[in-house]
$ cat protein29.txt   # compact mmCIF, C-alpha atoms and all ligand atoms
# COMPACT_ATOMS: atom_id res chain seq x y z
CA MET Y 1 -25.72 90.23 33.52
CA ARG Y 2 -28.78 90.95 35.64
CA THR Y 3 -32.45 90.47 34.77
CA LYS Y 4 -35.74 90.05 36.59
CA VAL Y 5 -36.77 86.68 35.13
CA ALA Y 6 -34.25 84.30 33.58
CA ILE Y 7 -36.02 81.79 31.34
CA ILE Y 8 -34.45 78.45 30.45
CA GLY Y 9 -35.71 77.09 27.12
CA ALA Y 10 -36.98 78.74 23.91
CA GLY Y 11 -39.86 76.35 23.20
CA PRO Y 12 -43.47 77.58 23.22
CA ALA Y 13 -43.57 77.92 27.06
CA GLY Y 14 -40.38 80.00 27.31
CA LEU Y 15 -41.03 82.18 24.26
CA LEU Y 16 -44.63 82.93 25.22
CA LEU Y 17 -43.69 83.66 28.83
CA GLY Y 18 -40.91 85.99 27.65
CA GLN Y 19 -43.31 87.88 25.39
CA LEU Y 20 -46.01 88.20 28.06
CA LEU Y 21 -43.44 89.49 30.56
CA HIS Y 22 -42.22 92.01 27.99
CA ILE Y 23 -45.78 93.29 27.47
CA TYR Y 24 -46.09 93.63 31.26
CA GLY Y 25 -42.81 95.60 31.39
CA ILE Y 26 -40.79 92.85 33.11
CA ASP Y 27 -37.20 92.30 31.90
CA ASN Y 28 -36.31 88.79 30.92
CA VAL Y 29 -33.59 86.81 29.20
CA ILE Y 30 -34.03 83.45 27.44
CA LEU Y 31 -31.28 80.82 27.41
CA GLU Y 32 -31.64 78.02 24.86
CA ARG Y 33 -29.17 75.22 24.36
CA HIS Y 34 -29.86 74.69 20.65
CA THR Y 35 -29.79 77.05 17.66
CA GLY Y 36 -32.99 78.82 16.65
CA GLU Y 37 -33.02 76.81 13.39
CA TYR Y 38 -32.91 73.54 15.32
CA VAL Y 39 -35.82 74.59 17.55
CA LEU Y 40 -37.81 75.62 14.46
CA GLY Y 41 -37.12 72.30 12.74
CA ARG Y 42 -38.86 70.15 15.35
CA ILE Y 43 -42.18 68.87 13.99
CA ARG Y 44 -44.49 68.52 16.97
CA ALA Y 45 -47.94 69.79 17.92
CA GLY Y 46 -50.40 71.40 15.54
CA LEU Y 47 -53.71 72.14 17.24
CA LEU Y 48 -54.37 75.33 19.19
CA GLU Y 49 -57.19 76.06 21.63
CA GLU Y 50 -58.89 79.47 21.33
CA GLY Y 51 -57.23 80.55 24.59
CA THR Y 52 -53.77 79.82 23.13
CA VAL Y 53 -54.53 81.81 19.97
CA LYS Y 54 -55.76 84.73 22.11
CA LEU Y 55 -52.50 84.70 24.08
CA LEU Y 56 -50.50 84.79 20.85
CA ASP Y 57 -52.61 87.74 19.78
CA GLU Y 58 -52.14 89.48 23.14
CA VAL Y 59 -48.37 89.43 22.66
CA GLY Y 60 -48.55 90.64 19.05
CA ALA Y 61 -47.76 87.23 17.52
CA GLY Y 62 -51.23 86.16 16.41
CA SER Y 63 -51.78 87.81 13.04
CA ARG Y 64 -50.35 85.00 10.89
CA ALA Y 65 -52.27 82.37 12.89
CA TYR Y 66 -55.51 84.28 12.27
CA ALA Y 67 -54.68 84.65 8.56
CA GLU Y 68 -53.32 81.17 7.83
CA GLY Y 69 -54.64 78.88 10.61
CA LEU Y 70 -57.50 76.52 9.76
CA VAL Y 71 -60.45 76.91 12.12
CA HIS Y 72 -62.13 73.58 12.90
CA ASN Y 73 -65.66 73.28 14.30
CA GLY Y 74 -65.62 69.54 14.92
CA ILE Y 75 -63.76 66.23 14.83
CA GLU Y 76 -64.80 62.77 13.68
CA LEU Y 77 -64.60 59.53 15.63
CA ALA Y 78 -64.33 56.44 13.42
CA PHE Y 79 -65.21 52.97 14.70
CA GLY Y 80 -67.11 49.91 13.49
CA GLY Y 81 -66.60 50.96 9.85
CA SER Y 82 -68.28 54.36 10.06
CA ARG Y 83 -67.55 57.91 11.17
CA HIS Y 84 -69.43 60.03 13.71
CA ARG Y 85 -69.01 63.77 13.99
CA ILE Y 86 -68.54 65.61 17.27
CA ASP Y 87 -69.88 69.12 16.71
CA MET Y 88 -67.61 71.06 19.06
CA LYS Y 89 -68.83 74.47 17.99
CA GLY Y 90 -72.46 73.41 18.40
CA ALA Y 91 -71.75 71.97 21.86
CA THR Y 92 -69.49 74.71 23.24
CA ASN Y 93 -69.63 77.65 20.85
CA LYS Y 94 -65.85 77.32 20.63
CA THR Y 95 -63.50 76.13 17.91
CA VAL Y 96 -59.89 74.97 17.62
CA MET Y 97 -57.24 76.04 15.14
CA ILE Y 98 -54.80 74.01 13.08
CA TYR Y 99 -51.54 75.93 13.16
CA GLY Y 100 -48.22 74.11 13.55
CA GLN Y 101 -45.96 74.43 16.58
CA THR Y 102 -43.15 75.37 14.18
CA GLU Y 103 -45.23 78.38 13.04
CA VAL Y 104 -46.13 79.36 16.62
CA THR Y 105 -42.44 79.23 17.53
CA LEU Y 106 -41.43 81.25 14.46
CA ASP Y 107 -44.04 83.95 15.19
CA LEU Y 108 -42.94 84.22 18.83
CA MET Y 109 -39.25 84.31 17.85
CA ASN Y 110 -39.95 87.09 15.35
CA ALA Y 111 -41.95 89.07 17.92
CA ARG Y 112 -39.07 88.70 20.37
CA LYS Y 113 -36.54 89.83 17.78
CA GLU Y 114 -38.69 92.86 16.84
CA ALA Y 115 -38.94 93.85 20.51
CA GLY Y 116 -35.13 93.63 20.77
CA LEU Y 117 -35.26 91.20 23.70
CA ALA Y 118 -32.26 89.17 24.82
CA SER Y 119 -32.16 85.51 23.74
CA ILE Y 120 -28.99 83.49 24.06
CA TYR Y 121 -29.00 80.49 21.75
CA GLU Y 122 -26.40 77.70 21.90
CA ALA Y 123 -26.01 78.28 25.64
CA ALA Y 124 -24.27 75.13 26.88
CA ASP Y 125 -24.30 73.66 30.36
CA VAL Y 126 -27.03 75.96 31.70
CA GLN Y 127 -27.27 75.52 35.47
CA PRO Y 128 -29.73 77.11 37.90
CA HIS Y 129 -28.19 77.98 41.30
CA ASP Y 130 -29.42 79.22 44.70
CA PHE Y 131 -33.10 79.17 43.77
CA ASP Y 132 -33.94 78.37 47.39
CA THR Y 133 -32.49 81.80 48.38
CA ASP Y 134 -33.46 85.38 47.51
CA ARG Y 135 -30.58 85.62 45.03
CA PRO Y 136 -30.99 82.95 42.38
CA ARG Y 137 -28.58 82.88 39.43
CA LEU Y 138 -27.85 80.94 36.29
CA THR Y 139 -24.55 80.00 34.77
CA TYR Y 140 -23.97 78.90 31.19
CA VAL Y 141 -21.14 78.44 28.73
CA LYS Y 142 -21.10 80.27 25.42
CA ASP Y 143 -18.19 80.09 22.96
CA GLY Y 144 -16.05 78.41 25.61
CA THR Y 145 -16.58 81.13 28.26
CA THR Y 146 -18.65 80.72 31.42
CA HIS Y 147 -21.20 83.49 32.04
CA GLU Y 148 -23.48 84.26 34.98
CA ILE Y 149 -26.93 85.87 35.11
CA SER Y 150 -28.31 87.02 38.45
CA CYS Y 151 -32.07 87.36 38.61
CA ASP Y 152 -35.15 87.60 40.85
CA PHE Y 153 -36.71 84.43 39.48
CA ILE Y 154 -35.87 81.46 37.25
CA ALA Y 155 -38.51 80.02 34.90
CA GLY Y 156 -37.73 76.42 33.93
CA CYS Y 157 -39.34 76.11 30.48
CA ASP Y 158 -36.83 73.57 29.25
CA GLY Y 159 -39.02 70.62 28.35
CA PHE Y 160 -39.16 67.08 29.70
CA HIS Y 161 -35.39 66.44 29.54
CA GLY Y 162 -34.34 69.90 30.78
CA VAL Y 163 -32.03 70.85 33.59
CA SER Y 164 -34.54 72.75 35.78
CA ARG Y 165 -36.56 69.84 37.11
CA ALA Y 166 -33.39 67.73 37.27
CA SER Y 167 -31.83 70.36 39.61
CA VAL Y 168 -34.52 69.94 42.25
CA LYS Y 169 -33.76 67.65 45.21
CA PRO Y 170 -35.82 64.47 44.66
CA GLU Y 171 -37.32 64.73 48.17
CA ALA Y 172 -38.78 68.17 47.30
CA MET Y 173 -40.89 66.76 44.47
CA GLU Y 174 -43.48 64.06 43.88
CA THR Y 175 -43.92 62.60 40.40
CA PHE Y 176 -46.84 60.73 38.84
CA GLU Y 177 -46.38 58.71 35.68
CA ARG Y 178 -48.07 56.34 33.26
CA VAL Y 179 -46.13 54.90 30.34
CA TYR Y 180 -48.36 53.49 27.59
CA PRO Y 181 -47.43 50.17 25.96
CA PHE Y 182 -47.27 51.57 22.41
CA GLY Y 183 -46.04 54.53 20.40
CA TRP Y 184 -47.24 56.72 17.53
CA LEU Y 185 -45.60 56.42 14.16
CA GLY Y 186 -46.14 59.78 12.46
CA ILE Y 187 -45.67 60.90 8.89
CA LEU Y 188 -45.78 64.38 7.38
CA SER Y 189 -46.52 64.62 3.66
CA GLU Y 190 -47.10 67.34 1.11
CA THR Y 191 -50.57 65.98 0.25
CA PRO Y 192 -54.08 67.38 0.78
CA PRO Y 193 -55.73 66.13 4.00
CA VAL Y 194 -58.07 63.16 3.54
CA SER Y 195 -60.89 65.06 5.24
CA PRO Y 196 -61.45 68.71 6.24
CA GLU Y 197 -61.67 67.72 9.95
CA LEU Y 198 -59.53 65.39 12.08
CA ILE Y 199 -60.42 61.68 12.09
CA TYR Y 200 -59.67 59.68 15.25
CA SER Y 201 -59.99 55.99 14.44
CA ASN Y 202 -60.43 53.08 16.85
CA HIS Y 203 -59.62 49.93 14.87
CA ALA Y 204 -58.83 46.29 15.65
CA ARG Y 205 -55.37 46.81 14.08
CA GLY Y 206 -54.74 49.82 16.34
CA PHE Y 207 -55.44 53.53 16.57
CA ALA Y 208 -54.99 55.94 13.64
CA LEU Y 209 -55.25 59.71 13.42
CA CYS Y 210 -55.65 61.85 10.31
CA THR Y 211 -54.67 65.42 10.97
CA MET Y 212 -53.00 68.21 9.02
CA ARG Y 213 -50.84 71.29 9.12
CA SER Y 214 -52.48 73.13 6.19
CA THR Y 215 -54.76 72.48 3.20
CA HIS Y 216 -51.82 70.93 1.33
CA ARG Y 217 -49.80 69.34 4.14
CA SER Y 218 -51.06 66.29 6.04
CA ARG Y 219 -49.96 64.65 9.27
CA TYR Y 220 -51.00 61.02 9.84
CA TYR Y 221 -50.30 58.68 12.75
CA VAL Y 222 -50.72 54.97 13.42
CA GLN Y 223 -50.33 53.25 16.77
CA CYS Y 224 -47.27 50.96 16.67
CA PRO Y 225 -45.36 48.68 19.05
CA LEU Y 226 -42.75 50.47 21.15
CA ASP Y 227 -39.91 48.42 19.73
CA ASP Y 228 -40.72 49.24 16.08
CA ARG Y 229 -38.04 51.25 14.28
CA VAL Y 230 -38.70 53.98 11.73
CA GLU Y 231 -36.43 52.12 9.26
CA ASP Y 232 -38.92 49.22 9.33
CA TRP Y 233 -41.64 51.47 7.98
CA SER Y 234 -41.33 52.32 4.29
CA ASP Y 235 -43.78 54.98 3.07
CA ASP Y 236 -45.73 52.27 1.22
CA ARG Y 237 -46.06 50.16 4.36
CA PHE Y 238 -47.27 53.19 6.32
CA TRP Y 239 -49.93 54.20 3.76
CA ASP Y 240 -51.12 50.62 3.47
CA GLU Y 241 -51.49 50.27 7.24
CA LEU Y 242 -53.23 53.64 7.58
CA LYS Y 243 -55.78 52.72 4.87
CA ARG Y 244 -56.60 49.47 6.66
CA ARG Y 245 -57.45 51.39 9.83
CA LEU Y 246 -59.79 53.91 8.14
CA ASP Y 247 -63.38 53.59 6.94
CA LYS Y 248 -63.78 52.72 3.23
CA LYS Y 249 -64.64 56.27 2.12
CA ALA Y 250 -61.56 57.72 3.79
CA ALA Y 251 -59.30 54.89 2.62
CA ASP Y 252 -60.50 55.31 -0.98
CA SER Y 253 -59.98 59.07 -1.03
CA LEU Y 254 -56.62 59.16 0.81
CA VAL Y 255 -53.99 60.92 -1.30
CA THR Y 256 -50.56 59.43 -0.61
CA GLY Y 257 -47.11 60.79 -1.38
CA PRO Y 258 -43.52 60.72 -0.17
CA SER Y 259 -43.01 61.44 3.54
CA ILE Y 260 -41.10 64.59 4.41
CA GLU Y 261 -40.78 63.54 8.05
CA LYS Y 262 -41.32 60.22 9.77
CA SER Y 263 -40.81 59.48 13.45
CA ILE Y 264 -41.94 57.29 16.33
CA ALA Y 265 -42.94 58.94 19.63
CA PRO Y 266 -43.58 57.00 22.84
CA LEU Y 267 -46.73 57.96 24.78
CA ARG Y 268 -46.52 59.00 28.40
CA SER Y 269 -48.47 60.86 31.09
CA PHE Y 270 -46.24 62.54 33.66
CA VAL Y 271 -46.74 65.25 36.29
CA ALA Y 272 -44.20 66.70 38.74
CA GLU Y 273 -45.59 68.43 41.84
CA PRO Y 274 -45.21 71.16 42.90
CA MET Y 275 -44.34 73.46 40.00
CA ARG Y 276 -42.50 75.94 42.24
CA PHE Y 277 -39.27 75.45 44.16
CA GLY Y 278 -38.35 78.64 46.01
CA ARG Y 279 -37.58 81.16 43.28
CA MET Y 280 -37.64 78.64 40.42
CA PHE Y 281 -40.91 77.84 38.61
CA LEU Y 282 -41.54 75.05 36.11
CA ALA Y 283 -43.80 75.56 33.08
CA GLY Y 284 -44.84 73.36 30.14
CA ASP Y 285 -43.25 69.98 29.44
CA ALA Y 286 -40.64 70.65 32.15
CA ALA Y 287 -43.41 69.89 34.64
CA HIS Y 288 -45.81 67.62 32.76
CA ILE Y 289 -46.25 65.45 29.67
CA VAL Y 290 -49.46 64.16 28.14
CA PRO Y 291 -50.00 61.66 25.32
CA PRO Y 292 -50.83 63.70 22.17
CA THR Y 293 -54.29 62.10 21.74
CA GLY Y 294 -56.01 65.07 23.40
CA ALA Y 295 -53.78 67.68 21.65
CA LYS Y 296 -53.03 69.31 24.98
CA GLY Y 297 -49.20 69.53 25.35
CA LEU Y 298 -48.63 72.85 23.61
CA ASN Y 299 -51.85 74.32 25.00
CA LEU Y 300 -50.83 73.48 28.57
CA ALA Y 301 -47.47 75.16 27.96
CA ALA Y 302 -49.45 78.26 26.96
CA SER Y 303 -51.76 78.25 30.00
CA ASP Y 304 -48.78 77.76 32.36
CA ALA Y 305 -47.04 80.73 30.72
CA HIS Y 306 -50.19 82.79 31.23
CA TYR Y 307 -50.52 81.87 34.93
CA LEU Y 308 -46.82 82.49 35.58
CA ALA Y 309 -46.67 85.82 33.74
CA THR Y 310 -49.78 87.01 35.62
CA ALA Y 311 -48.17 85.99 38.92
CA PHE Y 312 -44.97 87.93 38.12
CA ARG Y 313 -47.01 90.94 37.06
CA GLU Y 314 -48.79 90.91 40.41
CA TYR Y 315 -45.44 90.62 42.17
CA TYR Y 316 -43.89 93.61 40.41
CA ASP Y 317 -46.93 95.86 39.88
CA GLU Y 318 -48.88 95.22 43.06
CA LYS Y 319 -46.00 94.12 45.32
CA SER Y 320 -48.05 91.01 46.07
CA SER Y 321 -46.70 87.46 46.34
CA ALA Y 322 -50.19 85.96 46.22
CA GLY Y 323 -49.89 85.00 42.52
CA ILE Y 324 -46.48 83.36 42.79
CA ASP Y 325 -47.58 81.56 45.95
CA SER Y 326 -50.65 80.09 44.26
CA TYR Y 327 -49.07 79.48 40.81
CA SER Y 328 -48.37 75.80 41.36
CA THR Y 329 -51.83 75.00 42.76
CA THR Y 330 -53.62 77.00 40.07
CA ALA Y 331 -51.62 75.57 37.17
CA LEU Y 332 -51.79 71.99 38.46
CA LYS Y 333 -55.59 72.07 38.63
CA ARG Y 334 -55.78 72.72 34.89
CA VAL Y 335 -52.88 70.37 34.17
CA TRP Y 336 -54.56 67.42 35.90
CA LYS Y 337 -57.82 68.00 33.99
CA ALA Y 338 -55.87 67.87 30.71
CA VAL Y 339 -53.93 64.83 31.93
CA ARG Y 340 -57.22 63.10 32.69
CA PHE Y 341 -58.73 64.00 29.32
CA SER Y 342 -55.62 62.92 27.39
CA TRP Y 343 -55.51 59.61 29.31
CA TRP Y 344 -59.24 59.06 28.68
CA MET Y 345 -59.00 59.73 24.91
CA THR Y 346 -55.93 57.47 24.75
CA SER Y 347 -57.71 54.70 26.68
CA MET Y 348 -60.83 54.87 24.52
CA LEU Y 349 -59.10 54.87 21.16
CA HIS Y 350 -56.02 52.57 21.30
CA ARG Y 351 -55.59 48.81 21.33
CA PHE Y 352 -54.05 47.84 24.68
CA PRO Y 353 -52.14 44.54 24.38
CA ASP Y 354 -53.42 43.21 27.75
CA ASP Y 355 -57.07 44.28 27.51
CA GLY Y 356 -58.25 41.62 25.04
CA THR Y 357 -61.73 41.39 23.56
CA PHE Y 358 -63.42 42.58 26.76
CA GLY Y 359 -61.44 45.83 26.61
CA ALA Y 360 -62.34 46.26 22.94
CA ARG Y 361 -66.09 45.87 23.66
CA ILE Y 362 -65.90 48.39 26.52
CA GLN Y 363 -64.24 50.88 24.15
CA LEU Y 364 -66.99 50.31 21.59
CA ALA Y 365 -69.68 50.86 24.24
CA GLU Y 366 -67.96 54.04 25.35
CA LEU Y 367 -67.61 55.36 21.79
CA ASN Y 368 -71.26 54.58 21.07
CA TYR Y 369 -72.23 56.38 24.26
CA VAL Y 370 -70.10 59.42 23.41
CA VAL Y 371 -71.53 59.85 19.90
CA HIS Y 372 -75.16 59.24 20.90
CA SER Y 373 -75.38 61.12 24.20
CA ARG Y 374 -75.53 64.90 24.06
CA ALA Y 375 -74.09 65.08 27.58
CA ALA Y 376 -71.12 62.83 26.77
CA MET Y 377 -70.47 64.55 23.45
CA THR Y 378 -70.52 67.95 25.16
CA SER Y 379 -68.10 66.72 27.79
CA LEU Y 380 -65.64 65.55 25.12
CA ALA Y 381 -66.07 68.79 23.16
CA GLU Y 382 -65.63 71.02 26.21
CA ASN Y 383 -62.33 69.37 27.11
CA TYR Y 384 -61.13 69.19 23.51
CA VAL Y 385 -61.61 72.90 22.81
CA GLY Y 386 -59.84 73.62 26.11
CA LEU Y 387 -61.06 74.36 29.60
CA PRO Y 388 -60.99 78.06 30.53
CA PHE Y 389 -57.94 79.68 32.13
C1 LIG Q 401 -42.04 64.19 19.20
C2 LIG Q 401 -43.11 65.03 19.83
C3 LIG Q 401 -44.36 65.14 19.21
C4 LIG Q 401 -45.36 65.89 19.79
N1 LIG Q 401 -46.57 65.98 19.16
C5 LIG Q 401 -47.55 66.67 19.75
C6 LIG Q 401 -48.83 66.78 19.15
O1 LIG Q 401 -49.06 66.22 18.08
N2 LIG Q 401 -49.79 67.49 19.80
C7 LIG Q 401 -49.54 68.13 21.00
O2 LIG Q 401 -50.42 68.80 21.55
N3 LIG Q 401 -48.35 68.06 21.58
C8 LIG Q 401 -47.36 67.35 20.98
N4 LIG Q 401 -46.17 67.27 21.58
C9 LIG Q 401 -46.00 68.01 22.81
C10 LIG Q 401 -45.68 69.48 22.56
O3 LIG Q 401 -44.83 69.60 21.47
C11 LIG Q 401 -45.05 70.02 23.84
O4 LIG Q 401 -46.02 69.90 24.86
C12 LIG Q 401 -44.57 71.45 23.73
O5 LIG Q 401 -43.44 71.53 22.88
C13 LIG Q 401 -44.19 71.97 25.12
O6 LIG Q 401 -43.51 73.18 25.01
P1 LIG Q 401 -42.38 73.54 26.05
O7 LIG Q 401 -41.94 74.90 25.69
O8 LIG Q 401 -42.85 73.27 27.42
O9 LIG Q 401 -41.22 72.47 25.82
P2 LIG Q 401 -40.29 72.25 24.54
O10 LIG Q 401 -41.01 72.54 23.30
O11 LIG Q 401 -39.68 70.91 24.73
O12 LIG Q 401 -39.16 73.35 24.70
C14 LIG Q 401 -38.13 73.27 25.66
C15 LIG Q 401 -36.91 74.01 25.15
O13 LIG Q 401 -35.91 73.98 26.17
C16 LIG Q 401 -34.66 73.70 25.58
N5 LIG Q 401 -33.78 73.11 26.59
C17 LIG Q 401 -33.85 71.86 27.11
N6 LIG Q 401 -32.89 71.67 28.02
C18 LIG Q 401 -32.18 72.83 28.08
C19 LIG Q 401 -31.07 73.24 28.83
N7 LIG Q 401 -30.46 72.42 29.70
N8 LIG Q 401 -30.60 74.49 28.65
C20 LIG Q 401 -31.20 75.34 27.76
N9 LIG Q 401 -32.26 74.99 27.02
C21 LIG Q 401 -32.76 73.74 27.18
C22 LIG Q 401 -34.99 72.74 24.45
O14 LIG Q 401 -33.98 72.71 23.46
C23 LIG Q 401 -36.30 73.33 23.93
O15 LIG Q 401 -36.11 74.28 22.91
C24 LIG Q 401 -45.14 66.55 21.02
C25 LIG Q 401 -43.90 66.44 21.64
C26 LIG Q 401 -42.89 65.68 21.08
C27 LIG Q 401 -41.57 65.55 21.79

$ encode --input "protein29.txt" --output "structure tokens"
Amino acid sequence: MRTKVAIIGAGPAGLLLGQLLHIYGIDNVILERHTGEYVLGRIRAGLLEEGTVKLLDEVGAGSRAYAEGLVHNGIELAFGGSRHRIDMKGATNKTVMIYGQTEVTLDLMNARKEAGLASIYEAADVQPHDFDTDRPRLTYVKDGTTHEISCDFIAGCDGFHGVSRASVKPEAMETFERVYPFGWLGILSETPPVSPELIYSNHARGFALCTMRSTHRSRYYVQCPLDDRVEDWSDDRFWDELKRRLDKKAADSLVTGPSIEKSIAPLRSFVAEPMRFGRMFLAGDAAHIVPPTGAKGLNLAASDAHYLATAFREYYDEKSSAGIDSYSTTALKRVWKAVRFSWWMTSMLHRFPDDGTFGARIQLAELNYVVHSRAAMTSLAENYVGLPF
């Protein structure tokens, strides 16, 4: 098989890139190691920047998000027993949208199916080859047979544990990492959200976040030790702990119910540089990870896909390599700003085991500054709604 761009991974980065390339008239094939159902079953991100929604719309996959997504104009920061609203719309004239990653993925998969584009699910042992030459290729195994795809370019959109970054010689790449000394225990429940906007809570017992997927489905998180196991957390224990970390009004009005998903995710910041290796390009979690506190992971996957698709369009339409040559630098500038913001939100809101009472007072001073200074509030809002791309 031959194609122009062979994409590894059918997560948000790969699916969006594939759709953008299709709109630009560039052939592409997606190889995914799992089934479509498995990919759709992963409960992950749920907050979209306006730029991400516009990209979905551009590729014909935005109508359900516009119809069903919940537009949010602000968030609340809770500390010292009360809540303080950050008016994002007032500060930036922009909003964010609650619309689950599972829905984004479904809409992109459906758009791909409607366009009749090639996606190979359950592709085992995908391997990129010769990406440092002009003739890169991919091999994979499907139903026991080895297949080969020759292409002009490989797009590694295969997430943090994918094969693309792992295929690069270590000396060709520099990595930057911070592992946080706690995780997030998350629960999904078929209950109405405790509040119409997200609540980020800094509490002596640890961070908590109240978010949602719809008006009847809630997503809640509490900071937990890294060695905690999901089995240790009954639903009752989770709800009890969450209530303790919220202000009285929120705790009193919280509607609880059985969890339909419960998991613990470690928190990490990670960036691999560069994001281009010859004719192979990394996009999304394959190149970088952020802690979810800033809600940036999925949105960075979208901006990378945009930069990369634009670069390929320039290459094919204008016979110019300028876009592919600058892809890594351009994408990394935005990535590092989101990495900084996600680290900053994480640092301000969580209990760090080694920071003691001094650290807690500094956080309180910072939170008080953010909610009482127009400049600081605007800075938070501008980053939260997403920097332009
Ligand atoms: C548990 C969890 C919770 C999260 N929660 C949030 C959140 O609340 N908010 C937020 O903003 N972000 C969150 N994120 C981050 C967000 O989900 C990711 O940033 C986003 O999924 C990135 O999209 P992607 O397409 O780059 O990678 P992925 O979604 O990881 O997609 C990569 C795809 O590549 C496939 N693949 C991997 N290896 C191979 C291979 N060798 N061959 C073929 N295919 C392969 C995978 O199966 C997968 O389908 C969360 C992530 C995780 C893991």

$ residues_near_ligand --input "protein29.txt" --ligand "ligand LIG 401 (chain Q)" --cutoff "7 Å" --atoms "all atoms listed in the file" --output "MDAnalysis selection string"
chainID Y and resid 8:14 31:34 39 43:47 101 123:126 157:163 265 283:286 289 292 294:299 301

$ atom_distance --input "protein29.txt" --atom1 "atom CA of Gly60 of chain Y" --atom2 "atom CA of Leu40 of chain Y"
19.0 Å

$ closest_residue --input "protein29.txt" --among "Y:Ala111, Y:Leu198, Y:Ile120, Y:Val271" --to "Leu20 of chain Y" --atoms "all atoms listed in the file"
Y:Ala111

$ closest_residue --input "protein29.txt" --among "Y:Gly69, Y:Gly62, Y:Pro136, Y:Pro128" --to "Leu16 of chain Y" --atoms "only C-alpha atoms"
Y:Gly62

$ closest_residue --input "protein29.txt" --among "Y:Ser347, Y:Thr330, Y:Ser164, Y:Ser320" --to "Pro181 of chain Y" --atoms "all atoms listed in the file"
Y:Ser347

$ atom_distance --input "protein29.txt" --atom1 "atom CA of Phe312 of chain Y" --atom2 "atom CA of Thr3 of chain Y"
13.2 Å

$ residues_around --input "protein29.txt" --residues "Phe131 of chain Y" --least-positions-apart "4" --cutoff "6 Å" --atoms "all atoms listed in the file" --output "ChimeraX atom specification"
/Y:136,278-280

$ closest_residue --input "protein29.txt" --among "Y:Ser263, Y:Ser195, Y:Thr35, Y:Ser167" --to "Asp130 of chain Y" --atoms "all atoms listed in the file"
Y:Ser167

$ build_atoms --input "protein29.txt" --residues "segment 119-129 of chain Y" --atoms "N, CA, C and O atoms" --output "PDB file, keeping the file's coordinate frame"
ATOM      1  N   SER Y 119     -32.050  86.977  23.796  1.00  0.00           N
ATOM      2  CA  SER Y 119     -32.160  85.510  23.740  1.00  0.00           C
ATOM      3  C   SER Y 119     -30.747  84.997  23.478  1.00  0.00           C
ATOM      4  O   SER Y 119     -30.075  85.487  22.570  1.00  0.00           O
ATOM      5  N   ILE Y 120     -30.329  84.051  24.265  1.00  0.00           N
ATOM      6  CA  ILE Y 120     -28.990  83.490  24.060  1.00  0.00           C
ATOM      7  C   ILE Y 120     -29.148  82.048  23.598  1.00  0.00           C
ATOM      8  O   ILE Y 120     -29.533  81.173  24.384  1.00  0.00           O
ATOM      9  N   TYR Y 121     -28.915  81.842  22.298  1.00  0.00           N
ATOM     10  CA  TYR Y 121     -29.000  80.490  21.750  1.00  0.00           C
ATOM     11  C   TYR Y 121     -27.636  79.810  21.879  1.00  0.00           C
ATOM     12  O   TYR Y 121     -26.628  80.479  22.127  1.00  0.00           O
ATOM     13  N   GLU Y 122     -27.629  78.499  21.753  1.00  0.00           N
ATOM     14  CA  GLU Y 122     -26.400  77.700  21.900  1.00  0.00           C
ATOM     15  C   GLU Y 122     -25.713  77.975  23.238  1.00  0.00           C
ATOM     16  O   GLU Y 122     -24.489  78.093  23.302  1.00  0.00           O
ATOM     17  N   ALA Y 123     -26.544  78.119  24.274  1.00  0.00           N
ATOM     18  CA  ALA Y 123     -26.010  78.280  25.640  1.00  0.00           C
ATOM     19  C   ALA Y 123     -25.813  76.878  26.205  1.00  0.00           C
ATOM     20  O   ALA Y 123     -26.783  76.159  26.417  1.00  0.00           O
ATOM     21  N   ALA Y 124     -24.563  76.501  26.415  1.00  0.00           N
ATOM     22  CA  ALA Y 124     -24.270  75.130  26.880  1.00  0.00           C
ATOM     23  C   ALA Y 124     -24.226  75.099  28.401  1.00  0.00           C
ATOM     24  O   ALA Y 124     -23.998  76.126  29.053  1.00  0.00           O
ATOM     25  N   ASP Y 125     -24.444  73.912  28.928  1.00  0.00           N
ATOM     26  CA  ASP Y 125     -24.300  73.660  30.360  1.00  0.00           C
ATOM     27  C   ASP Y 125     -25.018  74.696  31.234  1.00  0.00           C
ATOM     28  O   ASP Y 125     -24.454  75.228  32.195  1.00  0.00           O
ATOM     29  N   VAL Y 126     -26.249  75.018  30.892  1.00  0.00           N
ATOM     30  CA  VAL Y 126     -27.030  75.960  31.700  1.00  0.00           C
ATOM     31  C   VAL Y 126     -27.300  75.315  33.066  1.00  0.00           C
ATOM     32  O   VAL Y 126     -27.719  74.156  33.125  1.00  0.00           O
ATOM     33  N   GLN Y 127     -27.042  76.057  34.125  1.00  0.00           N
ATOM     34  CA  GLN Y 127     -27.270  75.520  35.470  1.00  0.00           C
ATOM     35  C   GLN Y 127     -27.976  76.551  36.335  1.00  0.00           C
ATOM     36  O   GLN Y 127     -27.495  77.682  36.456  1.00  0.00           O
ATOM     37  N   PRO Y 128     -29.115  76.197  36.927  1.00  0.00           N
ATOM     38  CA  PRO Y 128     -29.730  77.110  37.900  1.00  0.00           C
ATOM     39  C   PRO Y 128     -29.066  76.926  39.272  1.00  0.00           C
ATOM     40  O   PRO Y 128     -28.743  75.809  39.653  1.00  0.00           O
ATOM     41  N   HIS Y 129     -28.826  78.052  39.977  1.00  0.00           N
ATOM     42  CA  HIS Y 129     -28.190  77.980  41.300  1.00  0.00           C
ATOM     43  C   HIS Y 129     -29.006  78.793  42.300  1.00  0.00           C
ATOM     44  O   HIS Y 129     -29.646  79.780  41.935  1.00  0.00           O
TER      45      HIS Y 129
END
